[in-house]
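Undergrad: Here's a structure for you.
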Amino acid sequence: MTTFAIIVSTAPTDNRTLTALKFAQALLTQGHQIEGVFFYQHGVINANVYLQTPSDEINHLTAWEAFYDVTKTPMHLCISAAERRGLTDSNTPGFSHNIAKNFTISGLGELVVLTNKAEKVIQL
Amino acid sequence: MTTFAIIVSTAPTDNRTLTALKFAQALLTQGHQIEGVFFYQHGVINANVYLQTPSDEINHLTAWEAFYDVTKTPMHLCISAAERRGLTDSNTPGFSHNIAKNFTISGLGELVVLTNKAEKVIQL
Amino acid sequence: MISNNRIAIVNTATTFDDFKAKEALDLALIFASYEMPVALFFMADGVFQTKANQNPEGIGNKDFIATFKALGFYDIDDIYICQEDMVERMIEGELSVDGAEILPRTQFKQTLNNYDLVLTF
Amino acid sequence: MISNNRIAIVNTATTFDDFKAKEALDLALIFASYEMPVALFFMADGVFQTKANQNPEGIGNKDFIATFKALGFYDIDDIYICQEDMVERMIEGELSVDGAEILPRTQFKQTLNNYDLVLTF
Amino acid sequence: MANLHIVRSSGFTHNKLRQCLQTLMAADQIILIDDGVYNASHPDMMPLLNTHKVYALQDHIQARGLTPVPSGIELCQYDDFVALTIGSDKVITWQ
Amino acid sequence: MANLHIVRSSGFTHNKLRQCLQTLMAADQIILIDDGVYNASHPDMMPLLNTHKVYALQDHIQARGLTPVPSGIELCQYDDFVALTIGSDKVITWQ
């Protein structure tokens with residue numbers, strides 16, 4: 001059993017995001033452990049609760065949410081990267097929390113923690 | 001006087017977005033007319049009302065909103081491209097309208113109309 | 001108004017490069033639905049879109065490449081592929097598009113130059 | 001846990017290429033603030049970040065390149081630039097970073113190989 | 001008439017400069033903006049300067065610390081950029 | 001030990017394949033995924049096949065219609081991809 005951390009940097013319009021999810025699923029199927037998935041750069045857009053795609057295409061938000069429901073793998077969102085891209089965890093006047101429920105609001109410090117916990121860190 | 005349409009395809013984290021705005025401002029300063037700015041591909045993210053940036057950096061949303069307030073240049077948002085990237089014009093349960101007020105919700109057909117109206121079409 | 005307004009959509013991106021191929025095709029289809037003359041050009045990595053036997057559904061996408069076989073139905077009949085870029089990328093045999101003209105680079109660029117509006121993806 | 005956990009942040013993007021340079025620097029500074037050994041590597045178009053006299057504020061950005069002069073203050077002392085990539089891009093004279101080592105490609109990659117975790121931007 | 005090609009990314013990393021050159025007609029002009037200004041010193045650019053007019057947006061050159069630019073490349077402002085688009089048959093963007 | 005390099009974009013368009021090759025150590029391995037699988041037929045890949053082990057993710061090859069792949073490139077599944085990351089000293093991603 002090996003412990004992993006995965007960094008996701010690609011947007012929900014980018015097919016590479018599915019690769020990261022499938023890699024994560026393969027890890028768990030093989031009995032390895034994921035300390036956390038960290039969403040950084042354009043990867044944060046995957047956590048926007050309002051992502052919509054036609055029914056015959058994969059919805060990356062739904063896919064990651066389902067992955068969490070089944071596996072309880074921690075999914076961390078870099079809030080400073082997210083705010084630049086239209087996500088907010090605030091409900092103060094002018095804002096309305098729009099980060100999907102299975103994502104944990106984090107800072108870059110959480111990535112440092114994951115890096116120390118996991119034996120393997122993979123950027124995908 | 002020449003009439004223009006501008007297509008903006010770059011995200012608010014992309015410095016090229018400012019180039020499009022400055023080009024648009026230069027057009028108007030020189031007495032030309034902009035039939036419309038059309039936000040497509042990652043350009044739609046600029047219309048997310050919750051975009052936040054540190055105070056010492058340009059906020060592209062605020063910049064485009066101010067551009068509209070001064071010039072009343074039509075700013076069209078391709079809604080299908082926008083929905084894939086977490087923007088929504090819906091207030092049905094589970095959704096909360098998050099498109100900034102100065103953007104007009106449009107489809108690709110509007111780009112066809114702009115293309116027919118304008119003498120010059122510039123992708124920026 | 002641009003006289004005639006013949007429109008060229010130039011594909012330079014691969015099939016799955018951040019949705020560019022799909023958003024270019026959507027735009028081409030809209031122009032065609034407004035009965036505006038629209039042509040598709042494939043060059044650089046865009047020629048990878050013309051490869052036969054792609055399977056977008058295998059990686060979670062809608063099979064938008066299948067639409068390439070029905071472009072005539074949408075009145076998009078002018079489709080051009082850059083020959084040198086195909087050769088460089090070893091694309092040969094059956095293609096994903098019907099009725100495309102494979103043009104040497106010199107002719108490809110001259111053909112492109114005949115259009116009034118050129119949009120690149 | 002990765003033993004020692006020496007971290008290399010590799011910059012391959014230009015100064016203004018879709019925020020990659022800024023988000024790489026932010027990450028390097030965080031690692032350093034947790035007192036983890038972190039090094040910066042500049043290669044390919046990343047070497048453009050090391051050019052002196054850049055002016056991010058002139059195009060609406062925070063001058064994050066100015067931080068390159070203060071990396072020692074953040075305990076980031078290991079900074080490497082690929083010589084061949086600098087030469088190819090005609091970068092010479094004063095640099096935006098202090099105390100960087102300019103290494104030929106062979107040494108550059110051997111130095112990079114000494115790190116336990118390599119993150120590319 | 002002739003076309004204006006806008007180049008917006010570095011030819012050292014992306015294929016866009018080459019794509020521009022592969023569609024360039026004899027009378028066409030080029031303007032380098034954004035990361036496209038790095039192409040001012042790209043090897044593919046040098047031979048071109050004898051045959052084509054090449055501009056670079058001064059703001060973007062300065063933001064990247066690229067002065068002085070190689071001779072043969074003309075620095076310009078946004079106003080000139082606008083004039084170039086109006087003076088051309090069509091504008092093709094490589095980004 | 002050795003490193004695993006993950007290549008995720010086309011070397012015909014982007015500089016990432018070259019960046020990988022410029023940092024490759026003698027014992028390192030490469031896996032081509034996403035648009036990186038187009039590099040299976042890239043000229044820079046050919047000489048490499050004599051000296052380094054190169055894998056390509058079969059799902060991504062098939063999605064792009066790239067079969068058959070040049071001999072010397074080994075097709076693999078996600079499970080193999082996982083095993084390769086575990087068997088390597090560190091993993092470097094070029095995207």
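Each chain in the structure tokens gets a letter, A, B and so on, in the order shown; residues start at 1 in every chain, and ligands are counted from 1 in the order they appear.
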Just the residues within 12 Å of Val70 (chain B), please, counting only C-alpha atoms, with nothing from its chain fewer than 5 positions along; format it as a PDB file with N, CA and C atoms, in the first residue's frame.

TA:
ATOM      1  N   GLN B  25     -10.873  50.016 -26.044  1.00  0.00           N
ATOM      2  CA  GLN B  25     -10.853  51.420 -25.613  1.00  0.00           C
ATOM      3  C   GLN B  25     -10.200  52.309 -26.672  1.00  0.00           C
ATOM      4  N   LEU B  28     -12.593  53.128 -29.574  1.00  0.00           N
ATOM      5  CA  LEU B  28     -13.596  54.155 -29.283  1.00  0.00           C
ATOM      6  C   LEU B  28     -12.954  55.536 -29.190  1.00  0.00           C
ATOM      7  N   THR B  29     -11.757  55.594 -28.581  1.00  0.00           N
ATOM      8  CA  THR B  29     -11.044  56.866 -28.480  1.00  0.00           C
ATOM      9  C   THR B  29     -10.786  57.450 -29.862  1.00  0.00           C
ATOM     10  N   ALA B  63     -13.137  45.769 -14.651  1.00  0.00           N
ATOM     11  CA  ALA B  63     -12.662  46.571 -15.781  1.00  0.00           C
ATOM     12  C   ALA B  63     -13.673  46.551 -16.934  1.00  0.00           C
ATOM     13  N   TRP B  64     -14.208  45.371 -17.257  1.00  0.00           N
ATOM     14  CA  TRP B  64     -15.189  45.297 -18.341  1.00  0.00           C
ATOM     15  C   TRP B  64     -16.495  45.971 -17.933  1.00  0.00           C
ATOM     16  N   GLU B  65     -16.882  45.823 -16.674  1.00  0.00           N
ATOM     17  CA  GLU B  65     -18.106  46.473 -16.205  1.00  0.00           C
ATOM     18  C   GLU B  65     -17.975  47.999 -16.322  1.00  0.00           C
ATOM     19  N   ASN B 102     -23.841  43.811 -16.580  1.00  0.00           N
ATOM     20  CA  ASN B 102     -23.651  44.480 -17.871  1.00  0.00           C
ATOM     21  C   ASN B 102     -23.461  43.530 -19.050  1.00  0.00           C
TER      22      ASN B 102
END

Undergrad: What's around Ile73 (chain E) at 7 Å? Count only C-alpha atoms, leave out sequence neighbours fewer than 3 positions away in its own chain, and write the answer as a PyMOL selection string.

TA: chain E and resi 54-56+69-70

Undergrad: Mind listing as a list in words which residues of chain A are within 6 Å of chain D, counting only C-alpha atoms?

TA: Asn116, Lys117, Ala118 and Glu119 of chain A

Undergrad: Chain A residues within 9 Å of chain B, counting only C-alpha atoms: which ones, as a PyMOL selection string?

TA: chain A and resi 11-13+45-54+59+80+82-88+94-96+98

Undergrad: So that each row is one residue of chain D with an atom at most 12 Å from chain F, can you give its shortest atom pair and the distance in Å to one decimal, using only C-alpha atoms, rows by chain and rising number, as a tab-separated table?

TA:
residue	atom	partner	partner_atom	distance
D:Ile2	CA	F:Lys90	CA	9.7
D:Ser3	CA	F:Asp89	CA	11.1
D:Asn5	CA	F:Lys90	CA	11.0
D:Arg6	CA	F:Lys90	CA	11.7
D:Ile7	CA	F:Lys90	CA	11.2
D:Ala8	CA	F:Ile92	CA	10.5
D:Ile9	CA	F:Ile92	CA	10.9
D:Val10	CA	F:Ile92	CA	10.0
D:Asn11	CA	F:Gln19	CA	11.0
D:Thr12	CA	F:Gln19	CA	8.3
D:Ala13	CA	F:Asn15	CA	10.3
D:Lys20	CA	F:Gln95	CA	11.9
D:Phe41	CA	F:Thr23	CA	11.6
D:Phe42	CA	F:Gln19	CA	11.3
D:Met43	CA	F:Gln19	CA	8.1
D:Ala44	CA	F:Gln19	CA	7.0
D:Asp45	CA	F:Asn15	CA	9.1
D:Gly46	CA	F:Gln19	CA	11.0
D:Cys82	CA	F:Gln22	CA	10.2
D:Glu84	CA	F:Gln22	CA	10.6
D:Asp85	CA	F:Gln19	CA	10.4
D:Pro104	CA	F:Gln22	CA	11.1
D:Arg105	CA	F:Gln22	CA	7.3
D:Thr106	CA	F:Thr23	CA	8.2
D:Gln107	CA	F:Thr23	CA	9.9
D:Phe108	CA	F:Thr23	CA	8.0
D:Lys109	CA	F:Thr23	CA	5.0
D:Gln110	CA	F:Met25	CA	7.9
D:Thr111	CA	F:Thr23	CA	10.0
D:Leu112	CA	F:Thr23	CA	8.0
D:Asn113	CA	F:Met25	CA	8.0
D:Asn114	CA	F:Lys90	CA	10.5
D:Tyr115	CA	F:Lys90	CA	9.0
D:Asp116	CA	F:Lys90	CA	6.7
D:Leu117	CA	F:Lys90	CA	6.5
D:Val118	CA	F:Ile92	CA	6.0
D:Leu119	CA	F:Ile92	CA	6.8
D:Thr120	CA	F:Thr93	CA	6.6
D:Phe121	CA	F:Gln95	CA	8.3

Undergrad: Could you tell me which residues of chain E sit within 10 Å of chain B when counting only C-alpha atoms, and give me the result as JSON, numbers by chain?

TA: {"E": [6, 8, 9, 33, 34, 35, 59, 60, 77, 78, 79, 80, 81, 82, 83, 85, 86, 88, 89, 90, 91, 92, 93, 94, 95]}

Undergrad: Please extract the residues of chain D with a backbone DSSP assignment of strand (DSSP E) and present them as a list in words.

TA: Ile7, Ala8, Ile9, Val10, Asn11, Val38, Ala39, Leu40, Phe41, Phe42, Asp78, Ile79, Tyr80, Ile81, Cys82, Glu101, Ile102, Leu103, Leu117, Val118, Leu119 and Thr120 of chain D

Undergrad: Can you show chain A as a compact mmCIF listing (two decimals) with C-alpha atoms, in the first residue's frame once it has been least-squares superposed onto chain B, using every C-alpha atom paired in order?

TA:
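Below you can see out.txt, which holds the result:
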# COMPACT_ATOMS: atom_id res chain seq x y z
CA MET A 1 -15.38 55.56 -38.81
CA THR A 2 -15.15 51.79 -38.95
CA THR A 3 -17.43 49.33 -37.16
CA PHE A 4 -15.90 46.44 -35.20
CA ALA A 5 -16.86 43.25 -33.41
CA ILE A 6 -14.42 41.77 -30.90
CA ILE A 7 -14.31 38.15 -29.76
CA VAL A 8 -12.74 37.59 -26.32
CA SER A 9 -11.62 34.01 -25.66
CA THR A 10 -9.19 34.32 -22.76
CA ALA A 11 -9.80 33.83 -19.03
CA PRO A 12 -9.53 36.53 -16.34
CA THR A 13 -6.26 34.92 -15.19
CA ASP A 14 -4.87 35.49 -18.68
CA ASN A 15 -3.12 38.75 -19.25
CA ARG A 16 -4.29 38.78 -22.86
CA THR A 17 -7.78 39.72 -21.65
CA LEU A 18 -6.51 43.19 -20.77
CA THR A 19 -5.13 43.54 -24.30
CA ALA A 20 -8.62 43.02 -25.69
CA LEU A 21 -10.04 45.69 -23.37
CA LYS A 22 -7.30 48.19 -24.21
CA PHE A 23 -7.81 47.56 -27.92
CA ALA A 24 -11.53 48.17 -27.50
CA GLN A 25 -10.85 51.42 -25.62
CA ALA A 26 -8.42 52.58 -28.31
CA LEU A 27 -11.05 51.92 -30.99
CA LEU A 28 -13.59 54.15 -29.27
CA THR A 29 -11.04 56.86 -28.48
CA GLN A 30 -10.26 57.03 -32.17
CA GLY A 31 -13.94 57.48 -33.00
CA HIS A 32 -14.69 53.99 -34.27
CA GLN A 33 -17.72 51.99 -33.27
CA ILE A 34 -17.95 48.57 -31.59
CA GLU A 35 -21.10 46.66 -32.53
CA GLY A 36 -20.40 44.28 -29.70
CA VAL A 37 -17.87 42.33 -27.69
CA PHE A 38 -18.60 38.61 -27.74
CA PHE A 39 -17.25 36.46 -24.89
CA TYR A 40 -16.62 32.88 -25.99
CA GLN A 41 -14.52 29.89 -24.81
CA HIS A 42 -12.64 30.74 -21.57
CA GLY A 43 -13.53 34.41 -22.12
CA VAL A 44 -16.93 33.81 -20.53
CA ILE A 45 -15.32 33.48 -17.08
CA ASN A 46 -14.73 37.25 -17.12
CA ALA A 47 -18.48 37.72 -16.59
CA ASN A 48 -18.62 35.76 -13.32
CA VAL A 49 -19.89 38.28 -10.79
CA TYR A 50 -17.85 36.72 -7.98
CA LEU A 51 -14.39 37.16 -9.55
CA GLN A 52 -12.02 38.43 -6.87
CA THR A 53 -8.44 39.62 -7.21
CA PRO A 54 -6.05 41.27 -4.74
CA SER A 55 -6.34 45.05 -4.69
CA ASP A 56 -2.97 45.57 -6.41
CA GLU A 57 -3.98 43.55 -9.49
CA ILE A 58 -6.44 44.32 -12.22
CA ASN A 59 -9.87 42.73 -11.82
CA HIS A 60 -11.02 41.98 -15.35
CA LEU A 61 -14.68 41.79 -14.37
CA THR A 62 -14.59 45.25 -12.80
CA ALA A 63 -12.67 46.58 -15.77
CA TRP A 64 -15.18 45.29 -18.34
CA GLU A 65 -18.11 46.47 -16.20
CA ALA A 66 -16.59 49.96 -16.02
CA PHE A 67 -15.99 49.88 -19.78
CA TYR A 68 -19.69 49.20 -20.29
CA ASP A 69 -20.79 51.89 -17.85
CA VAL A 70 -18.82 54.50 -19.77
CA THR A 71 -19.33 53.32 -23.34
CA LYS A 72 -22.55 51.23 -23.32
CA THR A 73 -20.80 48.84 -25.72
CA PRO A 74 -22.92 45.66 -25.94
CA MET A 75 -21.13 42.78 -24.19
CA HIS A 76 -22.51 39.38 -25.16
CA LEU A 77 -21.93 36.18 -23.26
CA CYS A 78 -22.19 32.82 -24.99
CA ILE A 79 -24.40 31.04 -22.48
CA SER A 80 -23.57 27.50 -23.56
CA ALA A 81 -19.83 28.17 -23.19
CA ALA A 82 -20.58 29.90 -19.88
CA GLU A 83 -22.60 27.05 -18.38
CA ARG A 84 -19.69 24.65 -18.93
CA ARG A 85 -17.55 26.99 -16.83
CA GLY A 86 -19.84 27.57 -13.86
CA LEU A 87 -21.90 30.57 -14.93
CA THR A 88 -25.66 30.45 -14.85
CA ASP A 89 -28.53 32.79 -15.66
CA SER A 90 -30.98 30.59 -13.80
CA ASN A 91 -32.58 31.02 -10.40
CA THR A 92 -34.39 27.70 -10.38
CA PRO A 93 -33.75 25.55 -7.29
CA GLY A 94 -30.07 24.59 -7.13
CA PHE A 95 -28.99 27.61 -9.19
CA SER A 96 -28.23 31.23 -8.45
CA HIS A 97 -27.76 33.77 -11.23
CA ASN A 98 -24.08 34.78 -11.19
CA ILE A 99 -23.55 36.69 -14.43
CA ALA A 100 -22.52 40.31 -14.00
CA LYS A 101 -25.24 42.80 -14.87
CA ASN A 102 -23.65 44.49 -17.87
CA PHE A 103 -23.35 41.28 -19.86
CA THR A 104 -26.14 40.21 -22.20
CA ILE A 105 -27.01 36.51 -22.22
CA SER A 106 -26.61 35.39 -25.83
CA GLY A 107 -26.11 32.37 -28.01
CA LEU A 108 -23.69 31.83 -30.85
CA GLY A 109 -26.32 33.27 -33.19
CA GLU A 110 -25.54 36.69 -31.77
CA LEU A 111 -21.95 36.29 -32.99
CA VAL A 112 -23.30 35.63 -36.47
CA VAL A 113 -25.34 38.83 -36.24
CA LEU A 114 -22.31 40.82 -35.04
CA THR A 115 -20.24 39.37 -37.86
CA ASN A 116 -22.77 40.64 -40.37
CA LYS A 117 -23.05 44.06 -38.78
CA ALA A 118 -19.38 44.87 -38.28
CA GLU A 119 -16.87 45.76 -40.97
CA LYS A 120 -14.03 44.22 -38.97
CA VAL A 121 -14.13 41.18 -36.70
CA ILE A 122 -11.14 40.77 -34.38
CA GLN A 123 -10.39 37.70 -32.24
CA LEU A 124 -8.49 38.77 -29.14

Undergrad: Could you list, as a ChimeraX atom specification, every residue within 10 Å of region 64-77 of chain D, counting only C-alpha atoms and ignoring same-chain residues fewer than 4 positions away?

TA: /D:15,21-22,25-26,28-33,35-40,49-57,95-100

Undergrad: Keeping only N, CA, C and O atoms, write those residues as a CSV table (one decimal), in the first residue's frame.

TA:
chain,number,residue,atom,x,y,z
D,15,THR,N,6.5,34.9,-18.1
D,15,THR,CA,6.1,35.6,-17.0
D,15,THR,C,4.6,35.8,-16.9
D,15,THR,O,4.0,35.8,-15.8
D,21,ALA,N,3.4,31.5,-13.7
D,21,ALA,CA,4.6,32.0,-13.0
D,21,ALA,C,4.2,32.4,-11.6
D,21,ALA,O,4.9,32.1,-10.6
D,22,LYS,N,3.1,33.2,-11.5
D,22,LYS,CA,2.7,33.7,-10.2
D,22,LYS,C,2.2,32.5,-9.3
D,22,LYS,O,2.6,32.5,-8.1
D,25,LEU,N,5.3,30.7,-8.1
D,25,LEU,CA,6.0,31.4,-7.0
D,25,LEU,C,5.3,31.4,-5.7
D,25,LEU,O,5.9,31.2,-4.6
D,26,ASP,N,4.0,31.5,-5.7
D,26,ASP,CA,3.2,31.4,-4.5
D,26,ASP,C,3.4,30.1,-3.8
D,26,ASP,O,3.6,30.0,-2.6
D,28,ALA,N,6.1,28.1,-4.1
D,28,ALA,CA,7.4,28.0,-3.6
D,28,ALA,C,7.5,28.8,-2.3
D,28,ALA,O,8.2,28.3,-1.3
D,29,LEU,N,6.9,29.9,-2.2
D,29,LEU,CA,7.0,30.7,-0.9
D,29,LEU,C,6.3,30.0,0.2
D,29,LEU,O,6.8,30.1,1.4
D,30,ILE,N,5.2,29.3,-0.1
D,30,ILE,CA,4.5,28.6,1.0
D,30,ILE,C,5.4,27.4,1.5
D,30,ILE,O,5.6,27.3,2.7
D,31,PHE,N,6.0,26.7,0.6
D,31,PHE,CA,6.9,25.6,1.0
D,31,PHE,C,8.0,26.2,1.9
D,31,PHE,O,8.3,25.6,3.0
D,32,ALA,N,8.6,27.3,1.5
D,32,ALA,CA,9.6,27.9,2.3
D,32,ALA,C,9.1,28.4,3.6
D,32,ALA,O,9.9,28.2,4.6
D,33,SER,N,7.9,28.9,3.7
D,33,SER,CA,7.4,29.4,5.0
D,33,SER,C,7.2,28.2,6.0
D,33,SER,O,7.1,28.4,7.2
D,35,GLU,N,9.3,26.0,6.2
D,35,GLU,CA,10.7,25.6,6.4
D,35,GLU,C,11.1,24.3,5.7
D,35,GLU,O,11.9,23.5,6.2
D,36,MET,N,10.5,24.1,4.5
D,36,MET,CA,10.9,22.9,3.7
D,36,MET,C,11.8,23.4,2.6
D,36,MET,O,11.7,24.5,2.1
D,37,PRO,N,12.9,22.6,2.4
D,37,PRO,CA,13.9,23.0,1.4
D,37,PRO,C,13.3,23.1,0.0
D,37,PRO,O,12.8,22.1,-0.5
D,38,VAL,N,13.3,24.3,-0.6
D,38,VAL,CA,12.7,24.4,-1.9
D,38,VAL,C,13.6,25.2,-2.9
D,38,VAL,O,14.3,26.1,-2.4
D,39,ALA,N,13.7,24.7,-4.1
D,39,ALA,CA,14.6,25.3,-5.1
D,39,ALA,C,13.7,25.7,-6.3
D,39,ALA,O,12.7,25.1,-6.6
D,40,LEU,N,14.2,26.8,-7.0
D,40,LEU,CA,13.5,27.2,-8.2
D,40,LEU,C,14.4,26.9,-9.4
D,40,LEU,O,15.6,27.2,-9.4
D,49,GLN,N,11.3,34.6,-17.4
D,49,GLN,CA,11.0,35.2,-16.1
D,49,GLN,C,12.3,35.9,-15.4
D,49,GLN,O,12.1,36.7,-14.6
D,50,THR,N,13.4,35.4,-15.8
D,50,THR,CA,14.7,35.9,-15.2
D,50,THR,C,15.2,37.2,-15.9
D,50,THR,O,16.3,37.6,-15.5
D,51,LYS,N,14.5,37.7,-16.8
D,51,LYS,CA,15.0,38.9,-17.5
D,51,LYS,C,14.9,40.1,-16.6
D,51,LYS,O,13.9,40.3,-15.9
D,52,ALA,N,15.9,40.9,-16.6
D,52,ALA,CA,15.8,42.2,-15.8
D,52,ALA,C,14.9,43.2,-16.5
D,52,ALA,O,14.5,43.0,-17.6
D,53,ASN,N,14.5,44.2,-15.7
D,53,ASN,CA,13.7,45.3,-16.2
D,53,ASN,C,12.3,44.9,-16.7
D,53,ASN,O,11.8,45.6,-17.6
D,54,GLN,N,11.7,43.9,-16.2
D,54,GLN,CA,10.3,43.6,-16.5
D,54,GLN,C,9.4,44.6,-15.8
D,54,GLN,O,9.8,45.1,-14.7
D,55,ASN,N,8.3,44.8,-16.3
D,55,ASN,CA,7.4,45.8,-15.7
D,55,ASN,C,5.9,45.3,-15.7
D,55,ASN,O,5.1,45.8,-16.4
D,56,PRO,N,5.6,44.3,-14.8
D,56,PRO,CA,4.3,43.7,-14.8
D,56,PRO,C,3.2,44.8,-14.5
D,56,PRO,O,2.1,44.7,-15.0
D,57,GLU,N,3.5,45.8,-13.7
D,57,GLU,CA,2.5,46.8,-13.4
D,57,GLU,C,2.1,47.6,-14.6
D,57,GLU,O,0.9,48.1,-14.7
D,95,LEU,N,20.0,40.2,-14.3
D,95,LEU,CA,18.8,39.3,-14.2
D,95,LEU,C,17.8,39.8,-13.2
D,95,LEU,O,18.2,40.6,-12.3
D,96,SER,N,16.6,39.3,-13.2
D,96,SER,CA,15.6,39.6,-12.2
D,96,SER,C,15.8,38.9,-10.9
D,96,SER,O,15.1,39.2,-9.9
D,97,VAL,N,16.6,37.8,-10.9
D,97,VAL,CA,16.9,37.0,-9.7
D,97,VAL,C,18.3,37.3,-9.2
D,97,VAL,O,19.2,37.4,-10.0
D,98,ASP,N,18.5,37.3,-7.9
D,98,ASP,CA,19.8,37.4,-7.3
D,98,ASP,C,20.3,36.0,-7.0
D,98,ASP,O,19.6,35.2,-6.5
D,99,GLY,N,21.6,35.8,-7.2
D,99,GLY,CA,22.3,34.6,-6.7
D,99,GLY,C,21.9,33.4,-7.4
D,99,GLY,O,22.0,32.3,-6.9
D,100,ALA,N,21.4,33.5,-8.7
D,100,ALA,CA,21.0,32.3,-9.4
D,100,ALA,C,22.3,31.6,-10.0
D,100,ALA,O,23.2,32.3,-10.3

Undergrad: Taking only C-alpha atoms into account and nothing else, which residues of chain E lie no more than 8 Å away from chain F? Please answer as JSON, numbers by chain.

TA: {"E": [12, 13, 14, 15]}

Undergrad: Report the distance between CA of Leu32 (chain E) and CA of His52 (chain E) in Å, rounded to one decimal place.

TA: 12.9 Å
